[in-house]
>>> print(open('input.txt').read())   # compact mmCIF, C-alpha atoms
# COMPACT_ATOMS: atom_id res chain seq x y z
CA MET A 5 -101.04 -49.58 -128.50
CA THR A 6 -97.86 -47.69 -127.66
CA PHE A 7 -96.27 -45.12 -129.92
CA PRO A 8 -93.81 -45.18 -131.50
CA PRO A 9 -93.94 -48.93 -132.19
CA ILE A 10 -90.42 -49.59 -130.90
CA ARG A 11 -89.10 -53.14 -130.46
CA PRO A 12 -90.48 -54.34 -127.08
CA GLU A 13 -87.02 -55.09 -125.65
CA LEU A 14 -85.99 -51.46 -126.29
CA ALA A 15 -89.02 -49.83 -124.68
CA GLY A 16 -88.15 -47.57 -121.77
CA ILE A 17 -84.38 -47.94 -122.10
CA GLU A 18 -82.34 -44.81 -121.57
CA PRO A 19 -79.80 -44.04 -124.33
CA TYR A 20 -76.13 -44.63 -123.51
CA GLY A 21 -74.11 -41.61 -122.50
CA ALA A 22 -71.94 -40.09 -119.83
CA PRO A 23 -73.05 -36.77 -118.31
CA GLN A 24 -72.29 -33.80 -120.58
CA LEU A 25 -72.15 -30.49 -118.75
CA PRO A 26 -70.97 -27.08 -120.00
CA VAL A 27 -67.35 -26.25 -119.19
CA ASP A 28 -68.42 -22.94 -117.61
CA GLN A 29 -70.43 -24.99 -115.10
CA VAL A 30 -67.83 -27.74 -114.57
CA PRO A 31 -64.32 -26.52 -115.42
CA VAL A 32 -62.59 -29.86 -114.75
CA GLN A 33 -64.13 -32.64 -116.85
CA LEU A 34 -62.49 -36.01 -116.22
CA ASN A 35 -65.33 -38.41 -116.99
CA VAL A 36 -65.02 -39.70 -120.57
CA ASN A 37 -61.33 -40.59 -120.91
CA GLU A 38 -60.55 -37.84 -123.38
CA ASN A 39 -57.02 -36.71 -124.11
CA PRO A 40 -56.77 -33.29 -122.40
CA TYR A 41 -54.23 -31.93 -124.89
CA PRO A 42 -55.70 -30.52 -128.13
CA PRO A 43 -53.93 -30.75 -131.49
CA SER A 44 -51.28 -28.11 -132.27
CA ALA A 45 -51.94 -25.16 -134.55
CA GLU A 46 -49.93 -26.90 -137.28
CA CYS A 47 -52.02 -30.05 -137.02
CA VAL A 48 -55.26 -28.05 -137.00
CA ALA A 49 -54.14 -26.16 -140.10
CA ASP A 50 -53.30 -29.42 -141.92
CA ILE A 51 -56.67 -30.94 -141.00
CA ALA A 52 -58.50 -27.78 -142.12
CA ALA A 53 -56.63 -27.65 -145.44
CA SER A 54 -57.23 -31.36 -146.04
CA ALA A 55 -60.94 -31.00 -145.27
CA ALA A 56 -61.11 -28.02 -147.65
CA ASP A 57 -59.53 -30.10 -150.41
CA ALA A 58 -62.08 -32.85 -149.79
CA ALA A 59 -64.89 -30.29 -149.85
CA ARG A 60 -64.07 -29.41 -153.46
CA THR A 61 -65.32 -32.82 -154.55
CA LEU A 62 -68.19 -33.36 -152.14
CA ASN A 63 -70.50 -33.76 -155.12
CA ARG A 64 -68.85 -37.16 -155.57
CA TYR A 65 -69.00 -40.15 -153.29
CA PRO A 66 -65.83 -40.86 -151.29
CA ASP A 67 -63.58 -43.87 -151.81
CA ARG A 68 -65.74 -46.56 -150.25
CA GLU A 69 -62.64 -48.71 -149.63
CA PHE A 70 -60.72 -45.73 -148.12
CA VAL A 71 -57.49 -47.34 -149.32
CA ALA A 72 -55.22 -44.39 -148.50
CA LEU A 73 -56.49 -44.25 -144.92
CA ARG A 74 -56.19 -48.01 -144.45
CA ALA A 75 -52.63 -47.89 -145.77
CA ALA A 76 -51.73 -45.12 -143.32
CA LEU A 77 -53.32 -47.01 -140.43
CA ALA A 78 -51.50 -50.21 -141.43
CA SER A 79 -48.21 -48.31 -141.44
CA TYR A 80 -48.97 -46.89 -138.00
CA LEU A 81 -49.92 -50.28 -136.54
CA SER A 82 -46.81 -51.90 -138.00
CA ARG A 83 -44.75 -49.94 -135.48
CA ASP A 84 -46.20 -52.20 -132.78
CA VAL A 85 -45.22 -55.51 -134.37
CA SER A 86 -42.04 -57.22 -135.43
CA GLY A 87 -43.43 -57.92 -138.91
CA GLU A 88 -45.85 -55.82 -140.91
CA ILE A 89 -49.59 -55.19 -140.92
CA ALA A 90 -50.94 -55.30 -144.48
CA VAL A 91 -53.54 -52.94 -145.91
CA GLU A 92 -55.86 -55.92 -146.48
CA GLN A 93 -55.84 -56.59 -142.73
CA VAL A 94 -57.16 -53.16 -141.76
CA TRP A 95 -60.73 -51.88 -141.55
CA ALA A 96 -62.06 -48.60 -140.18
CA ALA A 97 -65.39 -47.01 -139.30
CA ASN A 98 -66.95 -44.09 -137.45
CA GLY A 99 -65.36 -44.74 -134.09
CA SER A 100 -64.49 -48.11 -132.59
CA ASN A 101 -68.16 -48.25 -131.56
CA GLU A 102 -69.17 -48.71 -135.20
CA VAL A 103 -66.32 -51.18 -135.71
CA MET A 104 -67.69 -53.31 -132.86
CA LEU A 105 -71.25 -53.01 -134.12
CA GLN A 106 -70.16 -54.11 -137.60
CA LEU A 107 -68.34 -57.10 -136.12
CA LEU A 108 -71.51 -58.24 -134.35
CA GLN A 109 -73.62 -57.52 -137.43
CA ALA A 110 -71.35 -59.82 -139.43
CA PHE A 111 -70.51 -62.49 -136.86
CA GLY A 112 -73.31 -62.23 -134.30
CA GLY A 113 -77.06 -62.02 -134.81
CA PRO A 114 -80.08 -64.20 -133.97
CA GLY A 115 -79.06 -67.62 -132.76
CA ARG A 116 -75.50 -66.48 -132.03
CA THR A 117 -73.79 -65.47 -128.79
CA ALA A 118 -71.31 -62.84 -127.63
CA LEU A 119 -69.32 -63.33 -124.42
CA SER A 120 -67.31 -61.01 -122.20
CA PHE A 121 -66.20 -60.87 -118.58
CA ALA A 122 -67.60 -58.23 -116.23
CA PRO A 123 -66.88 -55.58 -115.21
CA THR A 124 -66.30 -54.50 -118.79
CA TYR A 125 -67.26 -51.82 -121.28
CA SER A 126 -70.94 -51.04 -120.80
CA MET A 127 -71.62 -50.69 -124.54
CA TYR A 128 -70.83 -54.36 -125.30
CA PRO A 129 -74.23 -55.71 -124.21
CA GLU A 130 -75.84 -52.88 -126.17
CA TYR A 131 -74.05 -53.93 -129.36
CA ALA A 132 -75.33 -57.44 -128.71
CA ARG A 133 -78.87 -56.20 -128.05
CA ASP A 134 -78.92 -54.03 -131.17
CA THR A 135 -77.81 -56.95 -133.37
CA MET A 136 -80.10 -59.46 -131.63
CA THR A 137 -77.08 -61.40 -130.44
CA ALA A 138 -77.41 -63.34 -127.19
CA TRP A 139 -75.26 -61.81 -124.44
CA VAL A 140 -73.40 -63.80 -121.78
CA ALA A 141 -71.12 -62.24 -119.17
CA GLY A 142 -68.67 -64.09 -117.00
CA ARG A 143 -66.91 -62.53 -114.02
CA ARG A 144 -63.42 -61.19 -113.48
CA GLU A 145 -61.47 -61.82 -110.29
CA ASP A 146 -61.42 -59.39 -107.35
CA ASP A 147 -58.32 -57.71 -108.83
CA PHE A 148 -60.14 -57.55 -112.22
CA SER A 149 -57.81 -60.08 -113.86
CA LEU A 150 -59.09 -63.17 -115.69
CA ASP A 151 -58.87 -66.64 -114.23
CA LEU A 152 -57.81 -68.41 -117.42
CA ASP A 153 -59.08 -71.83 -116.38
CA ARG A 154 -62.53 -70.42 -115.60
CA ALA A 155 -62.53 -68.30 -118.76
CA ARG A 156 -61.64 -71.27 -120.94
CA ALA A 157 -64.27 -73.39 -119.24
CA MET A 158 -66.89 -70.75 -119.92
CA ILE A 159 -65.93 -70.55 -123.59
CA GLU A 160 -66.15 -74.34 -123.85
CA GLU A 161 -69.59 -74.26 -122.19
CA VAL A 162 -71.09 -71.31 -124.10
CA ARG A 163 -69.27 -71.78 -127.45
CA PRO A 164 -69.61 -68.05 -128.21
CA ASP A 165 -69.40 -66.73 -131.75
CA VAL A 166 -67.67 -63.55 -130.54
CA VAL A 167 -65.60 -62.98 -127.40
CA LEU A 168 -65.07 -59.31 -126.46
CA LEU A 169 -61.92 -58.63 -124.43
CA PRO A 170 -60.94 -55.01 -123.81
CA SER A 171 -57.24 -54.66 -123.01
CA PRO A 172 -56.74 -52.38 -121.19
CA ASN A 173 -60.18 -53.07 -119.79
CA ASN A 174 -62.71 -50.28 -119.38
CA PRO A 175 -63.56 -49.33 -116.63
CA THR A 176 -60.75 -51.04 -114.68
CA GLY A 177 -57.66 -50.31 -116.81
CA THR A 178 -56.50 -53.94 -116.58
CA ALA A 179 -54.40 -55.30 -119.47
CA LEU A 180 -54.40 -58.91 -120.64
CA PRO A 181 -51.10 -60.80 -120.88
CA PRO A 182 -50.40 -62.34 -124.31
CA GLU A 183 -50.68 -65.87 -122.93
CA ALA A 184 -54.27 -65.12 -121.94
CA VAL A 185 -55.14 -63.93 -125.45
CA THR A 186 -53.49 -67.01 -126.95
CA ALA A 187 -55.34 -69.38 -124.60
CA LEU A 188 -58.72 -67.81 -125.33
CA CYS A 189 -58.14 -67.74 -129.08
CA GLU A 190 -57.32 -71.45 -128.94
CA SER A 191 -60.38 -72.22 -126.81
CA ALA A 192 -62.67 -70.24 -129.12
CA ALA A 193 -61.34 -72.17 -132.13
CA GLU A 194 -61.84 -75.70 -130.76
CA ASP A 195 -64.25 -78.31 -132.13
CA GLY A 196 -64.08 -76.88 -135.65
CA ILE A 197 -65.66 -73.59 -134.54
CA ASP A 198 -63.73 -70.39 -135.20
CA GLY A 199 -65.31 -68.05 -132.70
CA LEU A 200 -63.81 -64.58 -132.99
CA VAL A 201 -61.77 -63.15 -130.13
CA VAL A 202 -61.87 -59.35 -130.27
CA VAL A 203 -59.20 -57.61 -128.21
CA ASP A 204 -60.33 -54.01 -127.84
CA GLU A 205 -57.18 -51.87 -127.50
CA ALA A 206 -58.90 -48.48 -127.42
CA TYR A 207 -56.40 -47.48 -124.73
CA GLY A 208 -53.54 -49.59 -126.08
CA GLU A 209 -51.08 -46.74 -126.53
CA PHE A 210 -51.23 -45.97 -122.80
CA ARG A 211 -50.10 -49.41 -121.66
CA ARG A 212 -47.08 -49.55 -119.36
CA ALA A 213 -43.59 -50.37 -120.62
CA GLY A 214 -43.19 -54.09 -121.22
CA VAL A 215 -46.91 -54.75 -121.79
CA PRO A 216 -47.19 -56.02 -125.40
CA SER A 217 -49.99 -55.41 -127.87
CA ALA A 218 -52.16 -58.29 -129.05
CA LEU A 219 -51.24 -57.21 -132.58
CA GLU A 220 -48.13 -59.40 -132.25
CA LEU A 221 -50.39 -62.47 -132.04
CA LEU A 222 -52.29 -61.89 -135.30
CA PRO A 223 -50.10 -64.21 -137.41
CA ALA A 224 -50.74 -67.09 -135.00
CA HIS A 225 -54.54 -66.81 -134.71
CA ARG A 226 -56.81 -66.27 -137.69
CA ASN A 227 -59.77 -65.74 -135.32
CA LEU A 228 -58.11 -62.80 -133.52
CA VAL A 229 -59.27 -59.21 -134.11
CA VAL A 230 -57.50 -56.23 -132.54
CA THR A 231 -59.36 -52.92 -132.49
CA ARG A 232 -58.00 -49.42 -131.90
CA THR A 233 -59.29 -45.83 -131.99
CA MET A 234 -58.01 -42.37 -132.79
CA SER A 235 -60.16 -40.92 -130.00
CA LYS A 236 -57.76 -41.39 -127.08
CA ALA A 237 -54.01 -41.32 -127.69
CA PHE A 238 -54.45 -39.34 -130.93
CA ALA A 239 -56.47 -36.64 -129.14
CA ALA A 240 -59.13 -36.98 -131.84
CA ALA A 241 -62.33 -37.94 -130.00
CA GLY A 242 -64.26 -35.48 -132.17
CA LEU A 243 -62.98 -37.10 -135.37
CA ARG A 244 -64.78 -40.41 -134.75
CA VAL A 245 -62.43 -42.90 -136.37
CA GLY A 246 -61.90 -46.42 -135.06
CA TYR A 247 -60.20 -49.29 -136.82
CA LEU A 248 -59.17 -52.93 -136.57
CA ALA A 249 -56.52 -55.34 -137.74
CA ALA A 250 -57.46 -58.94 -138.51
CA ASP A 251 -57.28 -61.70 -141.09
CA PRO A 252 -58.27 -60.23 -144.51
CA ALA A 253 -61.22 -62.64 -144.66
CA ILE A 254 -62.69 -60.93 -141.59
CA CYS A 255 -62.41 -57.53 -143.25
CA ASP A 256 -64.10 -58.95 -146.36
CA ALA A 257 -66.99 -60.23 -144.23
CA ILE A 258 -67.50 -56.81 -142.67
CA ARG A 259 -67.92 -55.32 -146.16
CA VAL A 260 -71.18 -57.27 -146.43
CA VAL A 261 -72.78 -55.36 -143.53
CA ARG A 262 -71.18 -51.92 -143.76
CA LEU A 263 -73.34 -49.07 -145.02
CA PRO A 264 -72.37 -47.68 -148.44
CA TYR A 265 -69.64 -45.03 -148.26
CA HIS A 266 -69.75 -45.14 -144.47
CA LEU A 267 -66.61 -43.00 -144.02
CA SER A 268 -67.12 -39.54 -145.48
CA ALA A 269 -64.52 -37.84 -147.67
CA VAL A 270 -64.01 -35.22 -144.96
CA THR A 271 -63.48 -37.88 -142.29
CA GLN A 272 -60.94 -39.70 -144.45
CA ALA A 273 -59.05 -36.50 -145.22
CA ALA A 274 -59.00 -35.34 -141.60
CA ALA A 275 -57.85 -38.74 -140.33
CA LEU A 276 -55.04 -38.87 -142.87
CA ALA A 277 -53.92 -35.41 -141.80
CA ALA A 278 -53.98 -36.44 -138.13
CA LEU A 279 -51.89 -39.52 -138.93
CA ARG A 280 -49.30 -37.30 -140.60
CA HIS A 281 -48.93 -35.62 -137.20
CA ALA A 282 -48.79 -38.89 -135.23
CA PRO A 283 -45.47 -38.12 -133.47
CA GLU A 284 -46.82 -34.82 -132.19
CA LEU A 285 -50.28 -36.10 -131.22
CA LEU A 286 -48.78 -39.11 -129.46
CA GLY A 287 -46.14 -36.92 -127.82
CA ASN A 288 -48.29 -36.38 -124.75
CA VAL A 289 -48.87 -40.10 -124.13
CA ASP A 290 -45.74 -40.45 -121.99
CA GLN A 291 -46.80 -37.45 -119.92
CA LEU A 292 -50.27 -38.90 -119.42
CA ARG A 293 -48.80 -42.27 -118.43
CA ALA A 294 -46.60 -40.57 -115.83
CA GLN A 295 -49.56 -38.55 -114.53
CA ARG A 296 -51.65 -41.74 -114.33
CA ASP A 297 -49.01 -43.52 -112.28
CA LYS A 298 -48.67 -40.46 -110.05
CA THR A 299 -52.45 -40.36 -109.54
CA VAL A 300 -52.60 -44.07 -108.72
CA ALA A 301 -49.83 -43.64 -106.13
CA TRP A 302 -51.51 -40.57 -104.62
CA LEU A 303 -54.90 -42.29 -104.32
CA ARG A 304 -53.30 -45.27 -102.61
CA ASP A 305 -51.45 -42.96 -100.23
CA GLN A 306 -54.84 -41.51 -99.34
CA GLY A 307 -56.03 -44.99 -98.35
CA HIS A 308 -58.14 -45.78 -101.42
CA ARG A 309 -58.17 -49.00 -103.38
CA VAL A 310 -56.98 -48.47 -106.95
CA ALA A 311 -56.97 -50.97 -109.79
CA ASP A 312 -53.68 -51.32 -111.67
CA SER A 313 -54.11 -49.30 -114.85
CA ASP A 314 -52.60 -49.45 -118.33
CA ALA A 315 -55.08 -46.85 -119.61
CA ASN A 316 -55.53 -43.09 -119.36
CA PHE A 317 -57.84 -43.43 -116.36
CA CYS A 318 -57.96 -45.20 -113.04
CA LEU A 319 -60.72 -46.89 -111.07
CA PHE A 320 -60.68 -46.18 -107.37
CA GLY A 321 -62.80 -46.76 -104.28
CA THR A 322 -64.41 -48.22 -102.46
CA PHE A 323 -67.11 -45.98 -101.03
CA ARG A 324 -70.25 -46.79 -99.09
CA ASP A 325 -72.01 -44.03 -101.04
CA ARG A 326 -70.10 -43.44 -104.24
CA HIS A 327 -72.80 -41.16 -105.62
CA ALA A 328 -72.31 -38.79 -102.70
CA VAL A 329 -68.58 -38.66 -103.47
CA TRP A 330 -69.30 -38.09 -107.16
CA GLN A 331 -71.77 -35.32 -106.32
CA GLY A 332 -69.38 -33.72 -103.85
CA LEU A 333 -66.70 -33.54 -106.55
CA LEU A 334 -69.20 -32.13 -109.04
CA ASP A 335 -70.22 -29.46 -106.54
CA ARG A 336 -66.55 -28.44 -106.47
CA GLY A 337 -66.30 -28.22 -110.25
CA VAL A 338 -64.81 -31.65 -110.95
CA LEU A 339 -66.74 -34.16 -113.06
CA ILE A 340 -65.66 -37.83 -112.95
CA ARG A 341 -67.55 -41.02 -113.85
CA GLU A 342 -69.81 -43.07 -111.63
CA THR A 343 -69.25 -46.42 -113.30
CA GLY A 344 -67.86 -49.88 -112.69
CA PRO A 345 -68.65 -52.18 -109.77
CA GLU A 346 -70.67 -50.81 -106.87
CA GLY A 347 -68.58 -48.55 -104.65
CA TRP A 348 -66.02 -47.61 -107.31
CA LEU A 349 -65.45 -44.39 -109.29
CA ARG A 350 -63.38 -43.71 -112.41
CA VAL A 351 -61.29 -40.63 -113.07
CA SER A 352 -59.78 -39.80 -116.45
CA ILE A 353 -56.23 -38.48 -116.47
CA GLY A 354 -56.08 -34.77 -117.27
CA THR A 355 -53.46 -32.08 -117.17
CA PRO A 356 -51.40 -31.62 -113.99
CA GLU A 357 -53.59 -28.63 -113.11
CA GLU A 358 -56.79 -30.66 -113.59
CA MET A 359 -55.46 -33.54 -111.51
CA ALA A 360 -54.43 -31.13 -108.73
CA ALA A 361 -57.99 -29.76 -108.73
CA PHE A 362 -59.34 -33.32 -108.55
CA GLU A 363 -57.06 -34.21 -105.64
CA ASP A 364 -57.94 -31.06 -103.68
CA ALA A 365 -61.65 -31.62 -104.24
CA LEU A 366 -61.48 -35.29 -103.25
CA VAL A 367 -59.65 -34.47 -100.01
CA GLU A 368 -62.38 -31.96 -99.15
CA VAL A 369 -65.20 -34.37 -99.98
CA ILE A 370 -63.76 -37.23 -97.95
CA LYS A 371 -63.07 -34.92 -95.00
CA GLU A 372 -66.63 -33.64 -95.14
CA MET A 373 -68.04 -37.18 -95.20
CA THR A 374 -66.02 -38.46 -92.23
>>> encode(input="input.txt", output="structure tokens")
Amino acid sequence: MTFPPIRPELAGIEPYGAPQLPVDQVPVQLNVNENPYPPSAECVADIAASAADAARTLNRYPDREFVALRAALASYLSRDVSGEIAVEQVWAANGSNEVMLQLLQAFGGPGRTALSFAPTYSMYPEYARDTMTAWVAGRREDDFSLDLDRARAMIEEVRPDVVLLPSPNNPTGTALPPEAVTALCESAAEDGIDGLVVVDEAYGEFRRAGVPSALELLPAHRNLVVTRTMSKAFAAAGLRVGYLAADPAICDAIRVVRLPYHLSAVTQAAALAALRHAPELLGNVDQLRAQRDKTVAWLRDQGHRVADSDANFCLFGTFRDRHAVWQGLLDRGVLIRETGPEGWLRVSIGTPEEMAAFEDALVEVIKEMT
């Protein structure tokens, strides 16, 4: 008998995680899509003061409905729509990872199916596995877009309970046009079945000008869920706050599976403080967009294939031995991510100095390999 008595399907599986190496060993870390610009001193002071205020009542449980935070998030999201996002439409948890897990706890499970289209976020099948939800993956086109006819046909064949659609997609950076979201919401709702369509906009703030958010489609589709995070554009990866907007009935269903008081008083206070500084924290998004576009152009000038990106990273390749390229960059103090389809690598967008170091290192590695 093996010990510990873990579920058989989990035995021997390595935990999820990108490489974490000390900064003194790898000074340029561009592998986990973090925002390279930390909060200002004013923002830090506000977060610290807010956390201190929360600490004075840590003997009490926090607001389990976190109404103030949901109201602030609803106000923030309303900037992206022509109407208004209501408090009742918003839910939050410890990172968008927990949001996704809660969605599959509530709407997936034994006898139910989740569907996505690969290449896509590598945690999705893990959420399905952890909730005992069947996992089905279709394929994207060579340019990482979705063939809508094939996607609709797959939904009609599988009849999934949850469809997971990152936009921009991780690891490719590809955004979905609104007509694609509409078509898939309609397909998922046919035959009296309201399968959820979850559009994961973790990188939504980085989308290019003219690319709309799926939030605009919420009034038209009760089975649509749009998720966001404070980890990327808000430069708050260490805060661990993700959230969603959806029909209020979906939020009510999630309450059934959430753990009691799942957002701590300190987390709520810190997130509210960060939202008060939204203009400042989001002030570097335009700079990161410009740096992304510059990096995409540079990589293409070097002869590499690069996927169009609406995120704060870009996927590039293709290499006969991508691990050797990854290792060569690491040897030169630059850490990127070995992920995505075979032959491709992903680089997060950093500061101009970090991107210059990446470019210099890549030129050296390619020269050495040829």
>>> closest_residue(input="input.txt", among="A:Glu145, A:Glu220, A:Glu284, A:Glu358", to="Glu88 of chain A", atoms="all atoms listed in the file")
A:Glu220
>>> atom_distance(input="input.txt", atom1="atom CA of Val103 of chain A", atom2="atom CA of Val140 of chain A")
20.1 Å
>>> residues_around(input="input.txt", residues="segment 174-180 of chain A", least_positions_apart="6", cutoff="7 Å", atoms="all atoms listed in the file", output="MDAnalysis selection string")
chainID A and resid 124:125 148:149 311:315 317:319 344
>>> atom_distance(input="input.txt", atom1="atom CA of Asn316 of chain A", atom2="atom CA of Gln29 of chain A")
23.8 Å
>>> residues_near_point(input="input.txt", point="(-60.3, -48.8, -104.6)", cutoff="8 Å", atoms="all atoms listed in the file", output="PyMOL selection string")
chain A and resi 308-311+319-322+348
>>> residues_near_point(input="input.txt", point="(-67.3, -48.8, -149.3)", cutoff="8 Å", atoms="all atoms listed in the file", output="ChimeraX atom specification")
/A:67-70,259,262-267
>>> closest_residue(input="input.txt", among="A:Leu222, A:Val203, A:Leu77, A:Ala184", to="Trp95 of chain A", atoms="only C-alpha atoms")
A:Leu77
>>> closest_residue(input="input.txt", among="A:Ala138, A:Val270, A:Ile17, A:Val260", to="Pro66 of chain A", atoms="all atoms listed in the file")
A:Val270
>>> closest_residue(input="input.txt", among="A:Ile254, A:Leu248, A:Ala240, A:Val338", to="Pro40 of chain A", atoms="only C-alpha atoms")
A:Ala240
>>> closest_residue(input="input.txt", among="A:Asp146, A:Asp290, A:Asp195, A:Asp165", to="Arg211 of chain A", atoms="all atoms listed in the file")
A:Asp290
>>> closest_residue(input="input.txt", among="A:Arg244, A:Lys236, A:Arg280, A:Arg304", to="Leu292 of chain A", atoms="only C-alpha atoms")
A:Lys236
>>> decode(input="input.txt", residues="segment 107-131 of chain A", atoms="N, CA and C atoms", output="compact mmCIF listing (two decimals), in the first residue's frame")
# COMPACT_ATOMS: atom_id res chain seq x y z
N LEU A 107 -15.84 28.12 -9.92
CA LEU A 107 -16.77 27.94 -11.03
C LEU A 107 -16.94 26.46 -11.37
N LEU A 108 -15.82 25.72 -11.39
CA LEU A 108 -15.93 24.29 -11.71
C LEU A 108 -16.48 23.49 -10.53
N GLN A 109 -16.26 23.96 -9.31
CA GLN A 109 -16.89 23.30 -8.17
C GLN A 109 -18.41 23.43 -8.24
N ALA A 110 -18.87 24.59 -8.69
CA ALA A 110 -20.31 24.84 -8.73
C ALA A 110 -20.97 24.28 -9.99
N PHE A 111 -20.28 24.35 -11.12
CA PHE A 111 -20.92 24.03 -12.40
C PHE A 111 -20.29 22.82 -13.11
N GLY A 112 -19.18 22.32 -12.58
CA GLY A 112 -18.59 21.10 -13.10
C GLY A 112 -18.85 19.95 -12.16
N GLY A 113 -17.88 19.03 -12.04
CA GLY A 113 -18.02 17.92 -11.13
C GLY A 113 -18.24 16.60 -11.84
N PRO A 114 -18.37 15.51 -11.09
CA PRO A 114 -18.57 14.18 -11.70
C PRO A 114 -19.77 14.17 -12.64
N GLY A 115 -19.57 13.59 -13.80
CA GLY A 115 -20.63 13.52 -14.79
C GLY A 115 -20.78 14.76 -15.62
N ARG A 116 -19.94 15.77 -15.38
CA ARG A 116 -19.99 17.01 -16.15
C ARG A 116 -18.68 17.22 -16.89
N THR A 117 -18.70 18.14 -17.87
CA THR A 117 -17.56 18.30 -18.77
C THR A 117 -17.16 19.76 -18.91
N ALA A 118 -15.86 20.00 -18.94
CA ALA A 118 -15.31 21.32 -19.27
C ALA A 118 -14.57 21.22 -20.59
N LEU A 119 -14.68 22.26 -21.41
CA LEU A 119 -14.08 22.27 -22.74
C LEU A 119 -13.25 23.53 -22.93
N SER A 120 -12.11 23.39 -23.58
CA SER A 120 -11.33 24.54 -24.03
C SER A 120 -10.67 24.16 -25.34
N PHE A 121 -9.84 25.08 -25.85
CA PHE A 121 -9.19 24.86 -27.14
C PHE A 121 -7.70 25.14 -27.00
N ALA A 122 -6.90 24.10 -27.21
CA ALA A 122 -5.46 24.17 -27.00
C ALA A 122 -4.76 24.79 -28.22
N PRO A 123 -3.60 25.43 -27.99
CA PRO A 123 -2.96 25.65 -26.69
C PRO A 123 -3.68 26.69 -25.86
N THR A 124 -3.77 26.40 -24.56
CA THR A 124 -4.46 27.31 -23.65
C THR A 124 -3.81 27.22 -22.29
N TYR A 125 -4.37 27.91 -21.32
CA TYR A 125 -3.78 28.00 -19.99
C TYR A 125 -3.65 26.61 -19.38
N SER A 126 -2.44 26.27 -18.94
CA SER A 126 -2.17 24.90 -18.49
C SER A 126 -2.86 24.53 -17.19
N MET A 127 -3.40 25.52 -16.45
CA MET A 127 -4.10 25.18 -15.21
C MET A 127 -5.53 24.69 -15.45
N TYR A 128 -6.11 24.99 -16.61
CA TYR A 128 -7.51 24.61 -16.84
C TYR A 128 -7.75 23.11 -16.65
N PRO A 129 -6.96 22.24 -17.27
CA PRO A 129 -7.20 20.81 -17.03
C PRO A 129 -6.98 20.41 -15.58
N GLU A 130 -6.15 21.18 -14.86
CA GLU A 130 -5.95 20.87 -13.44
C GLU A 130 -7.17 21.24 -12.61
N TYR A 131 -7.81 22.37 -12.94
CA TYR A 131 -9.07 22.70 -12.26
C TYR A 131 -10.09 21.59 -12.50
